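A quick write-up on the structure given underneath.
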Number of protein chains: 4
Amino acid sequence: MSLKESQDRVDEWVQQYKMGYWKPHEIFARLAEEVGEVGREINHQFGPKKKKAGEEEHNLGVEMADVIFTLCCLANSQGINLNESFDRVMEKCYGRDKDRFEKK
Amino acid sequence: MSLKESQDRVDEWVQQYKMGYWKPHEIFARLAEEVGEVGREINHQFGPKKKKAGEEEHNLGVEMADVIFTLCCLANSQGINLNESFDRVMEKCYGRDKDRFEKK
Amino acid sequence: MSLKESQDRVDEWVQQYKMGYWKPHEIFARLAEEVGEVGREINHQFGPKKKKAGEEEHNLGVEMADVIFTLCCLANSQGINLNESFDRVMEKCYGRDKDRFEKK
Amino acid sequence: MSLKESQDRVDEWVQQYKMGYWKPHEIFARLAEEVGEVGREINHQFGPKKKKAGEEEHNLGVEMADVIFTLCCLANSQGINLNESFDRVMEKCYGRDKDRFEKK
(Lines give C-alpha, C1' and ligand atoms only; values in the text may rest on other atoms or scores of the structure.)
Protein backbone atom coordinates (compact mmCIF):
# COMPACT_ATOMS: atom_id res chain seq x y z
CA MET A 1 0.00 0.00 0.00
CA SER A 2 1.76 3.12 -1.24
CA LEU A 3 1.37 6.58 0.27
CA LYS A 4 -0.33 7.48 -3.01
CA GLU A 5 -2.46 4.35 -2.70
CA SER A 6 -3.40 5.44 0.83
CA GLN A 7 -4.37 8.79 -0.67
CA ASP A 8 -6.48 7.01 -3.31
CA ARG A 9 -8.28 4.92 -0.70
CA VAL A 10 -9.09 8.08 1.27
CA ASP A 11 -10.27 9.80 -1.91
CA GLU A 12 -12.53 6.90 -2.83
CA TRP A 13 -14.16 7.17 0.60
CA VAL A 14 -14.49 10.96 0.53
CA GLN A 15 -15.93 11.01 -3.00
CA GLN A 16 -19.02 9.12 -1.76
CA TYR A 17 -20.14 12.17 0.17
CA LYS A 18 -21.56 15.54 -0.85
CA MET A 19 -19.34 17.41 1.60
CA GLY A 20 -16.04 16.77 -0.19
CA TYR A 21 -12.77 17.88 1.32
CA TRP A 22 -12.71 20.51 4.03
CA LYS A 23 -10.68 23.71 3.62
CA PRO A 24 -6.96 23.44 4.41
CA HIS A 25 -7.27 25.29 7.74
CA GLU A 26 -10.14 23.03 8.76
CA ILE A 27 -8.20 19.88 7.90
CA PHE A 28 -5.25 21.31 9.81
CA ALA A 29 -7.34 21.83 12.95
CA ARG A 30 -8.41 18.19 12.63
CA LEU A 31 -4.78 17.16 12.14
CA ALA A 32 -3.84 18.90 15.41
CA GLU A 33 -6.71 17.10 17.14
CA GLU A 34 -5.49 13.72 15.88
CA VAL A 35 -1.90 14.53 16.87
CA GLY A 36 -3.15 15.44 20.33
CA GLU A 37 -4.70 11.98 20.57
CA VAL A 38 -1.32 10.45 19.71
CA GLY A 39 0.13 12.52 22.59
CA ARG A 40 -2.53 11.21 24.94
CA GLU A 41 -1.69 7.61 23.97
CA ILE A 42 2.04 8.29 24.42
CA ASN A 43 1.33 9.46 27.98
CA HIS A 44 -0.90 6.45 28.59
CA GLN A 45 1.64 3.93 27.36
CA PHE A 46 4.94 5.51 28.33
CA GLY A 47 4.09 8.22 30.81
CA PRO A 48 2.38 9.03 34.05
CA LYS A 49 -1.08 7.78 33.03
CA LYS A 50 -0.16 4.11 32.56
CA LYS A 51 -2.90 1.67 31.48
CA LYS A 52 -2.97 -1.91 30.30
CA ALA A 53 -0.23 -2.31 27.68
CA GLY A 54 -2.02 -4.61 25.20
CA GLU A 55 -5.03 -2.43 24.56
CA GLU A 56 -3.01 0.76 24.31
CA GLU A 57 -0.30 -0.52 22.00
CA HIS A 58 -3.00 -1.24 19.48
CA ASN A 59 -4.53 2.20 19.79
CA LEU A 60 -1.26 4.06 19.28
CA GLY A 61 -0.98 2.64 15.77
CA VAL A 62 -4.57 3.58 14.98
CA GLU A 63 -4.09 7.11 16.36
CA MET A 64 -1.02 7.45 14.13
CA ALA A 65 -2.96 6.14 11.13
CA ASP A 66 -5.67 8.73 11.87
CA VAL A 67 -2.95 11.38 11.47
CA ILE A 68 -1.93 9.81 8.13
CA PHE A 69 -5.60 9.70 7.03
CA THR A 70 -5.89 13.43 7.78
CA LEU A 71 -2.66 14.16 5.91
CA CYS A 72 -4.06 12.21 2.93
CA CYS A 73 -7.15 14.46 3.00
CA LEU A 74 -4.97 17.57 2.97
CA ALA A 75 -2.74 16.18 0.22
CA ASN A 76 -5.71 15.10 -1.94
CA SER A 77 -7.44 18.45 -1.52
CA GLN A 78 -4.31 20.19 -2.80
CA GLY A 79 -3.24 17.74 -5.50
CA ILE A 80 -0.08 16.78 -3.62
CA ASN A 81 1.51 13.37 -4.29
CA LEU A 82 2.94 12.25 -0.94
CA ASN A 83 5.19 9.64 -2.59
CA GLU A 84 7.08 12.46 -4.29
CA SER A 85 7.19 14.52 -1.09
CA PHE A 86 8.45 11.54 0.90
CA ASP A 87 11.16 10.90 -1.70
CA ARG A 88 12.31 14.47 -1.24
CA VAL A 89 12.48 14.02 2.54
CA MET A 90 14.59 10.87 2.15
CA GLU A 91 16.88 12.69 -0.31
CA LYS A 92 17.29 15.41 2.33
CA CYS A 93 18.23 12.72 4.88
CA TYR A 94 20.89 11.19 2.63
CA GLY A 95 22.09 14.60 1.43
CA ARG A 96 22.05 17.61 3.73
CA ASP A 97 21.60 15.67 6.97
CA LYS A 98 23.77 12.66 6.28
CA ASP A 99 26.55 13.66 8.72
CA ARG A 100 24.28 15.15 11.35
CA PHE A 101 24.63 12.16 13.67
CA GLU A 102 27.52 9.84 14.46
CA LYS A 103 27.58 6.72 12.28
CA LYS A 104 27.94 3.20 13.65
CA MET B 1 5.77 2.75 -1.88
CA SER B 2 3.80 1.23 0.98
CA LEU B 3 3.45 2.76 4.43
CA LYS B 4 5.48 -0.23 5.62
CA GLU B 5 7.98 0.42 2.83
CA SER B 6 8.21 4.03 4.00
CA GLN B 7 8.88 2.67 7.49
CA ASP B 8 11.59 0.40 6.07
CA ARG B 9 13.29 3.28 4.24
CA VAL B 10 13.31 5.30 7.46
CA ASP B 11 14.68 2.31 9.38
CA GLU B 12 17.47 1.77 6.84
CA TRP B 13 18.50 5.40 7.32
CA VAL B 14 18.26 5.35 11.12
CA GLN B 15 20.20 2.07 11.43
CA GLN B 16 23.32 3.78 10.00
CA TYR B 17 23.64 5.81 13.17
CA LYS B 18 24.69 5.00 16.72
CA MET B 19 21.88 7.07 18.21
CA GLY B 20 19.02 4.81 17.09
CA TYR B 21 15.41 5.81 17.69
CA TRP B 22 14.56 8.44 20.23
CA LYS B 23 12.18 7.72 23.11
CA PRO B 24 8.45 7.93 22.29
CA HIS B 25 7.99 11.25 24.11
CA GLU B 26 10.98 12.72 22.29
CA ILE B 27 9.68 11.60 18.91
CA PHE B 28 6.30 13.03 19.85
CA ALA B 29 7.80 16.45 20.64
CA ARG B 30 9.44 16.33 17.21
CA LEU B 31 6.11 15.31 15.66
CA ALA B 32 4.46 18.38 17.18
CA GLU B 33 7.27 20.55 15.82
CA GLU B 34 6.77 19.15 12.30
CA VAL B 35 2.99 19.58 12.55
CA GLY B 36 3.56 23.19 13.59
CA GLU B 37 5.55 23.68 10.40
CA VAL B 38 2.60 22.33 8.41
CA GLY B 39 0.46 24.94 10.20
CA ARG B 40 2.90 27.68 9.26
CA GLU B 41 2.76 26.64 5.58
CA ILE B 42 -1.05 26.51 5.69
CA ASN B 43 -1.07 30.12 6.91
CA HIS B 44 1.47 31.10 4.25
CA GLN B 45 -0.46 29.54 1.39
CA PHE B 46 -4.07 29.98 2.46
CA GLY B 47 -4.01 32.54 5.23
CA PRO B 48 -2.93 36.00 6.24
CA LYS B 49 0.79 35.48 5.49
CA LYS B 50 0.44 34.91 1.74
CA LYS B 51 3.61 34.26 -0.28
CA LYS B 52 4.31 33.09 -3.80
CA ALA B 53 2.10 30.06 -4.46
CA GLY B 54 4.55 27.90 -6.47
CA GLU B 55 7.28 27.75 -3.88
CA GLU B 56 4.93 27.21 -1.01
CA GLU B 57 2.83 24.49 -2.60
CA HIS B 58 5.98 22.45 -2.90
CA ASN B 59 6.95 23.00 0.71
CA LEU B 60 3.56 21.98 2.07
CA GLY B 61 4.04 18.48 0.68
CA VAL B 62 7.51 18.23 2.17
CA GLU B 63 6.31 19.48 5.56
CA MET B 64 3.60 16.81 5.46
CA ALA B 65 6.14 14.15 4.50
CA ASP B 66 8.28 15.27 7.45
CA VAL B 67 5.29 14.42 9.66
CA ILE B 68 5.03 10.98 8.01
CA PHE B 69 8.80 10.45 8.46
CA THR B 70 8.41 11.21 12.19
CA LEU B 71 5.42 8.86 12.45
CA CYS B 72 7.52 6.14 10.77
CA CYS B 73 10.20 6.65 13.46
CA LEU B 74 7.61 6.27 16.21
CA ALA B 75 6.05 3.22 14.54
CA ASN B 76 9.43 1.54 13.94
CA SER B 77 10.57 2.20 17.49
CA GLN B 78 7.43 0.44 18.76
CA GLY B 79 7.15 -2.37 16.23
CA ILE B 80 3.92 -0.97 14.79
CA ASN B 81 2.99 -1.84 11.18
CA LEU B 82 1.26 1.26 9.81
CA ASN B 83 -0.30 -0.69 6.92
CA GLU B 84 -2.31 -2.68 9.44
CA SER B 85 -3.21 0.45 11.42
CA PHE B 86 -4.29 2.26 8.26
CA ASP B 87 -6.44 -0.71 7.24
CA ARG B 88 -8.18 -0.46 10.61
CA VAL B 89 -8.84 3.25 10.08
CA MET B 90 -10.37 2.58 6.65
CA GLU B 91 -12.52 -0.20 8.15
CA LYS B 92 -13.72 2.31 10.74
CA CYS B 93 -14.61 4.71 7.91
CA TYR B 94 -16.65 2.11 6.02
CA GLY B 95 -18.14 0.72 9.23
CA ARG B 96 -18.91 2.95 12.18
CA ASP B 97 -18.67 6.24 10.31
CA LYS B 98 -20.26 5.24 7.00
CA ASP B 99 -23.47 7.26 7.55
CA ARG B 100 -21.87 10.19 9.33
CA PHE B 101 -22.12 12.46 6.30
CA GLU B 102 -24.70 12.83 3.55
CA LYS B 103 -23.99 10.69 0.48
CA LYS B 104 -24.01 12.03 -3.07
CA MET C 1 -5.12 37.32 38.37
CA SER C 2 -1.56 37.50 37.10
CA LEU C 3 0.12 34.85 34.95
CA LYS C 4 2.32 34.26 38.01
CA GLU C 5 -0.80 34.14 40.17
CA SER C 6 -2.25 31.57 37.77
CA GLN C 7 0.96 29.61 38.20
CA ASP C 8 0.62 29.88 42.00
CA ARG C 9 -2.97 28.61 41.91
CA VAL C 10 -1.88 25.64 39.83
CA ASP C 11 1.02 24.99 42.20
CA GLU C 12 -1.24 25.09 45.25
CA TRP C 13 -3.43 22.46 43.61
CA VAL C 14 -0.54 20.23 42.47
CA GLN C 15 1.21 20.39 45.86
CA GLN C 16 -1.73 18.54 47.46
CA TYR C 17 -0.78 15.40 45.60
CA LYS C 18 2.06 12.92 45.95
CA MET C 19 2.61 12.75 42.22
CA GLY C 20 3.99 16.28 41.82
CA TYR C 21 4.77 17.69 38.38
CA TRP C 22 5.21 15.37 35.44
CA LYS C 23 8.42 15.42 33.39
CA PRO C 24 8.68 18.14 30.73
CA HIS C 25 8.08 15.74 27.83
CA GLU C 26 5.03 14.31 29.58
CA ILE C 27 3.58 17.77 30.21
CA PHE C 28 4.29 18.63 26.59
CA ALA C 29 2.35 15.59 25.34
CA ARG C 30 -0.55 16.77 27.51
CA LEU C 31 -0.15 20.29 26.12
CA ALA C 32 -0.50 18.93 22.58
CA GLU C 33 -3.60 17.01 23.65
CA GLU C 34 -5.19 20.18 25.07
CA VAL C 35 -4.25 22.18 21.96
CA GLY C 36 -5.88 19.48 19.86
CA GLU C 37 -9.07 20.00 21.85
CA VAL C 38 -8.92 23.72 21.05
CA GLY C 39 -8.64 22.71 17.37
CA ARG C 40 -11.70 20.49 17.67
CA GLU C 41 -13.70 23.37 19.19
CA ILE C 42 -12.52 25.73 16.44
CA ASN C 43 -13.87 23.30 13.85
CA HIS C 44 -17.11 22.93 15.79
CA GLN C 45 -17.71 26.63 16.10
CA PHE C 46 -16.24 28.01 12.91
CA GLY C 47 -15.81 25.05 10.62
CA PRO C 48 -17.52 22.14 8.98
CA LYS C 49 -18.75 20.51 12.21
CA LYS C 50 -21.05 23.36 13.30
CA LYS C 51 -22.97 22.99 16.56
CA LYS C 52 -25.00 25.31 18.72
CA ALA C 53 -23.00 28.53 19.17
CA GLY C 54 -23.79 29.26 22.83
CA GLU C 55 -22.60 26.00 24.26
CA GLU C 56 -19.47 25.89 22.15
CA GLU C 57 -18.38 29.48 22.74
CA HIS C 58 -18.20 28.62 26.39
CA ASN C 59 -16.14 25.52 25.82
CA LEU C 60 -13.60 27.24 23.62
CA GLY C 61 -12.57 29.47 26.53
CA VAL C 62 -12.26 26.49 28.85
CA GLU C 63 -10.23 24.53 26.29
CA MET C 64 -7.91 27.53 26.00
CA ALA C 65 -7.64 27.80 29.78
CA ASP C 66 -6.74 24.09 29.88
CA VAL C 67 -3.79 24.97 27.64
CA ILE C 68 -2.79 27.77 30.03
CA PHE C 69 -3.14 25.40 33.00
CA THR C 70 -0.78 22.95 31.28
CA LEU C 71 1.69 25.75 30.49
CA CYS C 72 1.58 26.78 34.17
CA CYS C 73 2.53 23.19 35.12
CA LEU C 74 5.48 23.25 32.74
CA ALA C 75 6.57 26.71 33.93
CA ASN C 76 6.26 25.76 37.61
CA SER C 77 8.17 22.53 37.12
CA GLN C 78 11.04 24.50 35.57
CA GLY C 79 11.01 27.59 37.80
CA ILE C 80 9.94 29.84 34.93
CA ASN C 81 8.08 33.09 35.73
CA LEU C 82 5.60 33.56 32.87
CA ASN C 83 5.11 37.25 33.71
CA GLU C 84 8.74 37.86 32.81
CA SER C 85 8.49 35.72 29.68
CA PHE C 86 5.33 37.50 28.58
CA ASP C 87 7.03 40.88 29.11
CA ARG C 88 9.81 39.75 26.81
CA VAL C 89 7.28 38.75 24.14
CA MET C 90 5.60 42.17 24.33
CA GLU C 91 9.01 43.87 24.10
CA LYS C 92 9.66 41.80 20.96
CA CYS C 93 6.31 43.02 19.54
CA TYR C 94 7.11 46.67 20.15
CA GLY C 95 10.74 46.25 19.08
CA ARG C 96 11.71 43.82 16.35
CA ASP C 97 8.21 43.31 14.97
CA LYS C 98 6.83 46.84 15.29
CA ASP C 99 6.86 47.54 11.52
CA ARG C 100 5.89 44.05 10.43
CA PHE C 101 2.31 45.06 9.62
CA GLU C 102 0.75 48.22 8.20
CA LYS C 103 -0.35 50.69 10.89
CA LYS C 104 -3.77 52.32 10.98
CA MET D 1 -0.49 41.06 35.32
CA SER D 2 -3.81 39.28 34.98
CA LEU D 3 -4.74 36.95 32.12
CA LYS D 4 -7.26 39.65 31.17
CA GLU D 5 -4.51 42.26 31.49
CA SER D 6 -2.34 40.11 29.18
CA GLN D 7 -5.26 40.07 26.76
CA ASP D 8 -5.53 43.89 27.02
CA ARG D 9 -1.82 44.36 26.32
CA VAL D 10 -2.13 42.15 23.24
CA ASP D 11 -5.23 44.06 22.14
CA GLU D 12 -3.47 47.41 22.53
CA TRP D 13 -0.69 46.16 20.26
CA VAL D 14 -3.02 44.62 17.66
CA GLN D 15 -5.26 47.71 17.51
CA GLN D 16 -2.35 49.75 16.09
CA TYR D 17 -2.54 47.79 12.87
CA LYS D 18 -5.00 47.74 9.98
CA MET D 19 -4.96 43.96 9.79
CA GLY D 20 -6.76 43.32 13.09
CA TYR D 21 -7.21 39.79 14.40
CA TRP D 22 -6.86 36.84 12.08
CA LYS D 23 -9.70 34.35 11.67
CA PRO D 24 -9.97 31.65 14.36
CA HIS D 25 -8.58 28.90 12.11
CA GLU D 26 -5.65 31.11 11.13
CA ILE D 27 -4.86 31.90 14.77
CA PHE D 28 -5.14 28.21 15.54
CA ALA D 29 -2.59 27.30 12.85
CA ARG D 30 -0.28 29.87 14.43
CA LEU D 31 -0.98 28.40 17.87
CA ALA D 32 0.10 24.96 16.62
CA GLU D 33 3.26 26.51 15.18
CA GLU D 34 4.12 28.12 18.53
CA VAL D 35 3.37 24.89 20.40
CA GLY D 36 5.68 23.08 18.00
CA GLU D 37 8.43 25.51 18.98
CA VAL D 38 7.84 24.66 22.64
CA GLY D 39 8.26 21.00 21.64
CA ARG D 40 11.54 21.79 19.91
CA GLU D 41 12.85 23.57 23.03
CA ILE D 42 11.75 20.64 25.23
CA ASN D 43 13.82 18.31 23.05
CA HIS D 44 16.75 20.72 23.14
CA GLN D 45 16.73 21.09 26.90
CA PHE D 46 15.56 17.69 28.08
CA GLY D 47 15.94 15.40 25.10
CA PRO D 48 18.28 14.07 22.49
CA LYS D 49 19.23 17.46 21.02
CA LYS D 50 20.91 18.87 24.14
CA LYS D 51 22.36 22.41 24.03
CA LYS D 52 23.71 24.80 26.59
CA ALA D 53 21.26 24.93 29.49
CA GLY D 54 21.37 28.66 30.31
CA GLU D 55 20.43 29.95 26.90
CA GLU D 56 17.72 27.39 26.40
CA GLU D 57 16.00 27.78 29.75
CA HIS D 58 15.37 31.36 28.81
CA ASN D 59 13.93 30.47 25.44
CA LEU D 60 11.51 27.89 26.80
CA GLY D 61 9.73 30.59 28.81
CA VAL D 62 9.52 32.86 25.78
CA GLU D 63 8.22 30.06 23.57
CA MET D 64 5.55 29.37 26.19
CA ALA D 65 4.67 33.07 26.37
CA ASP D 66 4.33 33.08 22.57
CA VAL D 67 1.66 30.41 23.02
CA ILE D 68 -0.10 32.59 25.62
CA PHE D 69 0.16 35.62 23.28
CA THR D 70 -1.53 33.58 20.53
CA LEU D 71 -4.25 32.39 22.93
CA CYS D 72 -4.84 36.04 23.91
CA CYS D 73 -5.36 36.87 20.22
CA LEU D 74 -7.90 34.07 19.87
CA ALA D 75 -9.66 35.05 23.11
CA ASN D 76 -9.77 38.74 22.16
CA SER D 77 -11.08 38.00 18.69
CA GLN D 78 -13.96 36.03 20.23
CA GLY D 79 -14.71 38.20 23.27
CA ILE D 80 -13.58 35.50 25.68
CA ASN D 81 -12.36 36.53 29.17
CA LEU D 82 -9.60 34.08 30.05
CA ASN D 83 -9.80 34.93 33.76
CA GLU D 84 -13.30 33.50 33.83
CA SER D 85 -12.26 30.46 31.79
CA PHE D 86 -9.27 29.83 34.05
CA ASP D 87 -11.52 30.08 37.11
CA ARG D 88 -13.72 27.38 35.61
CA VAL D 89 -10.70 25.14 35.04
CA MET D 90 -9.59 25.54 38.66
CA GLU D 91 -13.14 24.80 39.83
CA LYS D 92 -13.01 21.62 37.76
CA CYS D 93 -9.72 20.71 39.46
CA TYR D 94 -11.12 21.17 42.96
CA GLY D 95 -14.46 19.59 42.05
CA ARG D 96 -14.65 16.76 39.55
CA ASP D 97 -10.94 15.92 39.57
CA LYS D 98 -10.16 16.40 43.25
CA ASP D 99 -9.73 12.68 44.02
CA ARG D 100 -8.12 11.73 40.72
CA PHE D 101 -4.64 11.49 42.24
CA GLU D 102 -3.37 10.29 45.62
CA LYS D 103 -3.05 13.08 48.19
CA LYS D 104 0.06 13.64 50.29
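Scheme for the C-alpha coordinates: letters A, B, ... for chains in order shown; per-chain residue numbers from 1; ligand numbers from 1 in order shown.
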Which chain B residues are at most 9 Å from chain C (counting only C-alpha atoms), as a PyMOL selection string?
-> chain B and resi 25-26+28-29+32
With N, CA and C atoms kept, could you save the residues just selected as a PDB file, in the first residue's frame?
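The result, stored in again16.pdb:
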```pdb
ATOM      1  N   HIS B  25       8.318   9.857  23.800  1.00  0.00           N
ATOM      2  CA  HIS B  25       7.990  11.250  24.108  1.00  0.00           C
ATOM      3  C   HIS B  25       8.852  12.238  23.320  1.00  0.00           C
ATOM      4  N   GLU B  26      10.081  11.851  23.066  1.00  0.00           N
ATOM      5  CA  GLU B  26      10.980  12.725  22.294  1.00  0.00           C
ATOM      6  C   GLU B  26      10.537  12.783  20.835  1.00  0.00           C
ATOM      7  N   PHE B  28       7.559  12.292  19.875  1.00  0.00           N
ATOM      8  CA  PHE B  28       6.296  13.034  19.852  1.00  0.00           C
ATOM      9  C   PHE B  28       6.534  14.546  19.846  1.00  0.00           C
ATOM     10  N   ALA B  29       7.502  15.001  20.633  1.00  0.00           N
ATOM     11  CA  ALA B  29       7.796  16.445  20.640  1.00  0.00           C
ATOM     12  C   ALA B  29       8.246  16.885  19.244  1.00  0.00           C
ATOM     13  N   ALA B  32       5.184  17.121  16.981  1.00  0.00           N
ATOM     14  CA  ALA B  32       4.455  18.380  17.185  1.00  0.00           C
ATOM     15  C   ALA B  32       5.165  19.536  16.482  1.00  0.00           C
TER      16      ALA B  32
END
```
If you count only C-alpha atoms, which residues fall within 12 Å of Cys93 of chain D, apart from same-chain ones fewer than 2 positions away, as a ChimeraX atom specification?
-> /C:9-14,16,66,69 /D:86-91,95-101
Resulting file, chosen residues, N, CA, C and O atoms, as a PDB file, in the first residue's frame:
```pdb
ATOM      1  N   ARG C   9      -1.743  29.385  41.670  1.00  0.00           N
ATOM      2  CA  ARG C   9      -2.969  28.611  41.914  1.00  0.00           C
ATOM      3  C   ARG C   9      -2.808  27.172  41.456  1.00  0.00           C
ATOM      4  O   ARG C   9      -3.289  26.240  42.108  1.00  0.00           O
ATOM      5  N   VAL C  10      -2.146  26.995  40.316  1.00  0.00           N
ATOM      6  CA  VAL C  10      -1.879  25.642  39.826  1.00  0.00           C
ATOM      7  C   VAL C  10      -0.960  24.912  40.801  1.00  0.00           C
ATOM      8  O   VAL C  10      -1.196  23.747  41.147  1.00  0.00           O
ATOM      9  N   ASP C  11       0.062  25.622  41.282  1.00  0.00           N
ATOM     10  CA  ASP C  11       1.024  24.992  42.197  1.00  0.00           C
ATOM     11  C   ASP C  11       0.349  24.548  43.495  1.00  0.00           C
ATOM     12  O   ASP C  11       0.599  23.444  43.985  1.00  0.00           O
ATOM     13  N   GLU C  12      -0.519  25.417  44.018  1.00  0.00           N
ATOM     14  CA  GLU C  12      -1.243  25.092  45.246  1.00  0.00           C
ATOM     15  C   GLU C  12      -2.047  23.797  45.061  1.00  0.00           C
ATOM     16  O   GLU C  12      -2.095  22.947  45.947  1.00  0.00           O
ATOM     17  N   TRP C  13      -2.654  23.659  43.890  1.00  0.00           N
ATOM     18  CA  TRP C  13      -3.435  22.456  43.610  1.00  0.00           C
ATOM     19  C   TRP C  13      -2.523  21.230  43.483  1.00  0.00           C
ATOM     20  O   TRP C  13      -2.771  20.186  44.078  1.00  0.00           O
ATOM     21  N   VAL C  14      -1.452  21.377  42.711  1.00  0.00           N
ATOM     22  CA  VAL C  14      -0.544  20.235  42.466  1.00  0.00           C
ATOM     23  C   VAL C  14       0.116  19.778  43.765  1.00  0.00           C
ATOM     24  O   VAL C  14       0.285  18.568  43.983  1.00  0.00           O
ATOM     25  N   GLN C  16      -0.920  19.441  46.631  1.00  0.00           N
ATOM     26  CA  GLN C  16      -1.732  18.541  47.464  1.00  0.00           C
ATOM     27  C   GLN C  16      -1.403  17.081  47.232  1.00  0.00           C
ATOM     28  O   GLN C  16      -1.720  16.235  48.056  1.00  0.00           O
ATOM     29  N   ASP C  66      -7.432  25.369  29.635  1.00  0.00           N
ATOM     30  CA  ASP C  66      -6.744  24.092  29.879  1.00  0.00           C
ATOM     31  C   ASP C  66      -5.309  24.144  29.334  1.00  0.00           C
ATOM     32  O   ASP C  66      -4.389  23.589  29.939  1.00  0.00           O
ATOM     33  N   PHE C  69      -3.402  26.220  31.818  1.00  0.00           N
ATOM     34  CA  PHE C  69      -3.137  25.396  33.002  1.00  0.00           C
ATOM     35  C   PHE C  69      -1.919  24.504  32.764  1.00  0.00           C
ATOM     36  O   PHE C  69      -1.020  24.407  33.618  1.00  0.00           O
TER      37      PHE C  69
ATOM     38  N   PHE D  86     -10.257  30.461  33.151  1.00  0.00           N
ATOM     39  CA  PHE D  86      -9.272  29.833  34.048  1.00  0.00           C
ATOM     40  C   PHE D  86      -9.913  29.494  35.387  1.00  0.00           C
ATOM     41  O   PHE D  86      -9.625  28.436  35.968  1.00  0.00           O
ATOM     42  N   ASP D  87     -10.777  30.383  35.877  1.00  0.00           N
ATOM     43  CA  ASP D  87     -11.516  30.075  37.114  1.00  0.00           C
ATOM     44  C   ASP D  87     -12.301  28.771  36.973  1.00  0.00           C
ATOM     45  O   ASP D  87     -12.339  27.954  37.892  1.00  0.00           O
ATOM     46  N   ARG D  88     -12.929  28.609  35.825  1.00  0.00           N
ATOM     47  CA  ARG D  88     -13.720  27.381  35.612  1.00  0.00           C
ATOM     48  C   ARG D  88     -12.837  26.143  35.605  1.00  0.00           C
ATOM     49  O   ARG D  88     -13.236  25.078  36.092  1.00  0.00           O
ATOM     50  N   VAL D  89     -11.633  26.280  35.041  1.00  0.00           N
ATOM     51  CA  VAL D  89     -10.704  25.141  35.039  1.00  0.00           C
ATOM     52  C   VAL D  89     -10.288  24.798  36.458  1.00  0.00           C
ATOM     53  O   VAL D  89     -10.257  23.617  36.841  1.00  0.00           O
ATOM     54  N   MET D  90      -9.997  25.808  37.271  1.00  0.00           N
ATOM     55  CA  MET D  90      -9.589  25.543  38.658  1.00  0.00           C
ATOM     56  C   MET D  90     -10.750  24.939  39.461  1.00  0.00           C
ATOM     57  O   MET D  90     -10.534  24.046  40.280  1.00  0.00           O
ATOM     58  N   GLU D  91     -11.965  25.405  39.174  1.00  0.00           N
ATOM     59  CA  GLU D  91     -13.142  24.800  39.833  1.00  0.00           C
ATOM     60  C   GLU D  91     -13.262  23.317  39.477  1.00  0.00           C
ATOM     61  O   GLU D  91     -13.603  22.494  40.325  1.00  0.00           O
ATOM     62  N   GLY D  95     -13.196  20.318  42.006  1.00  0.00           N
ATOM     63  CA  GLY D  95     -14.461  19.592  42.048  1.00  0.00           C
ATOM     64  C   GLY D  95     -14.304  18.195  41.492  1.00  0.00           C
ATOM     65  O   GLY D  95     -13.830  17.295  42.173  1.00  0.00           O
ATOM     66  N   ARG D  96     -14.596  18.054  40.222  1.00  0.00           N
ATOM     67  CA  ARG D  96     -14.646  16.758  39.551  1.00  0.00           C
ATOM     68  C   ARG D  96     -13.366  15.935  39.709  1.00  0.00           C
ATOM     69  O   ARG D  96     -13.407  14.726  39.874  1.00  0.00           O
ATOM     70  N   ASP D  97     -12.215  16.642  39.631  1.00  0.00           N
ATOM     71  CA  ASP D  97     -10.938  15.916  39.569  1.00  0.00           C
ATOM     72  C   ASP D  97     -10.226  15.837  40.912  1.00  0.00           C
ATOM     73  O   ASP D  97      -9.078  15.389  40.961  1.00  0.00           O
ATOM     74  N   LYS D  98     -10.909  16.222  41.994  1.00  0.00           N
ATOM     75  CA  LYS D  98     -10.162  16.399  43.247  1.00  0.00           C
ATOM     76  C   LYS D  98      -9.602  15.093  43.815  1.00  0.00           C
ATOM     77  O   LYS D  98      -8.603  15.121  44.538  1.00  0.00           O
ATOM     78  N   ASP D  99     -10.225  13.959  43.499  1.00  0.00           N
ATOM     79  CA  ASP D  99      -9.726  12.682  44.022  1.00  0.00           C
ATOM     80  C   ASP D  99      -9.079  11.816  42.943  1.00  0.00           C
ATOM     81  O   ASP D  99      -8.929  10.601  43.091  1.00  0.00           O
ATOM     82  N   ARG D 100      -8.681  12.482  41.859  1.00  0.00           N
ATOM     83  CA  ARG D 100      -8.118  11.732  40.724  1.00  0.00           C
ATOM     84  C   ARG D 100      -6.720  11.193  41.037  1.00  0.00           C
ATOM     85  O   ARG D 100      -6.310  10.170  40.516  1.00  0.00           O
ATOM     86  N   PHE D 101      -5.993  11.902  41.889  1.00  0.00           N
ATOM     87  CA  PHE D 101      -4.637  11.487  42.242  1.00  0.00           C
ATOM     88  C   PHE D 101      -4.560  11.310  43.757  1.00  0.00           C
ATOM     89  O   PHE D 101      -5.346  11.883  44.508  1.00  0.00           O
TER      90      PHE D 101
END
```
Can you list every residue in chain D that DSSP puts in helix (DSSP H, G or I), as an MDAnalysis selection string?
-> chainID D and resid 3:14 24:46 53:77 82:94
Distance in Å - atom CA of Ala65 of chain D versus atom CA of Tyr94 of chain C |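 Atom CA of Tyr94 of chain C lies 15.2 Å from atom CA of Ala65 of chain D.
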Would you list the contacts of segment 33-36 of chain C as an NGL selection string, taking every protein, DNA or RNA residue within 12 Å and counting only C-alpha atoms, but skipping same-chain residues closer than 6 positions in sequence?
-> (:A and (28-44)) or (:B and (28-29 or 32 or 35-36)) or (:C and (26-27 or 42-43 or 60-71)) or (:D and (28-36 or 67-68 or 70-71))
Atom CA of Cys73 of chain A and atom CA of Gln15 of chain A are how many Å apart?
->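 Going from atom CA of Cys73 of chain A over to atom CA of Gln15 of chain A, I get 11.2 Å.
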Coordinates-based distance that separates atom CA of Gln7 of chain B from atom CA of Leu74 of chain B (Å, one decimal) =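 Result for atom CA of Leu74 of chain B versus atom CA of Gln7 of chain B: 9.5 Å, one decimal.
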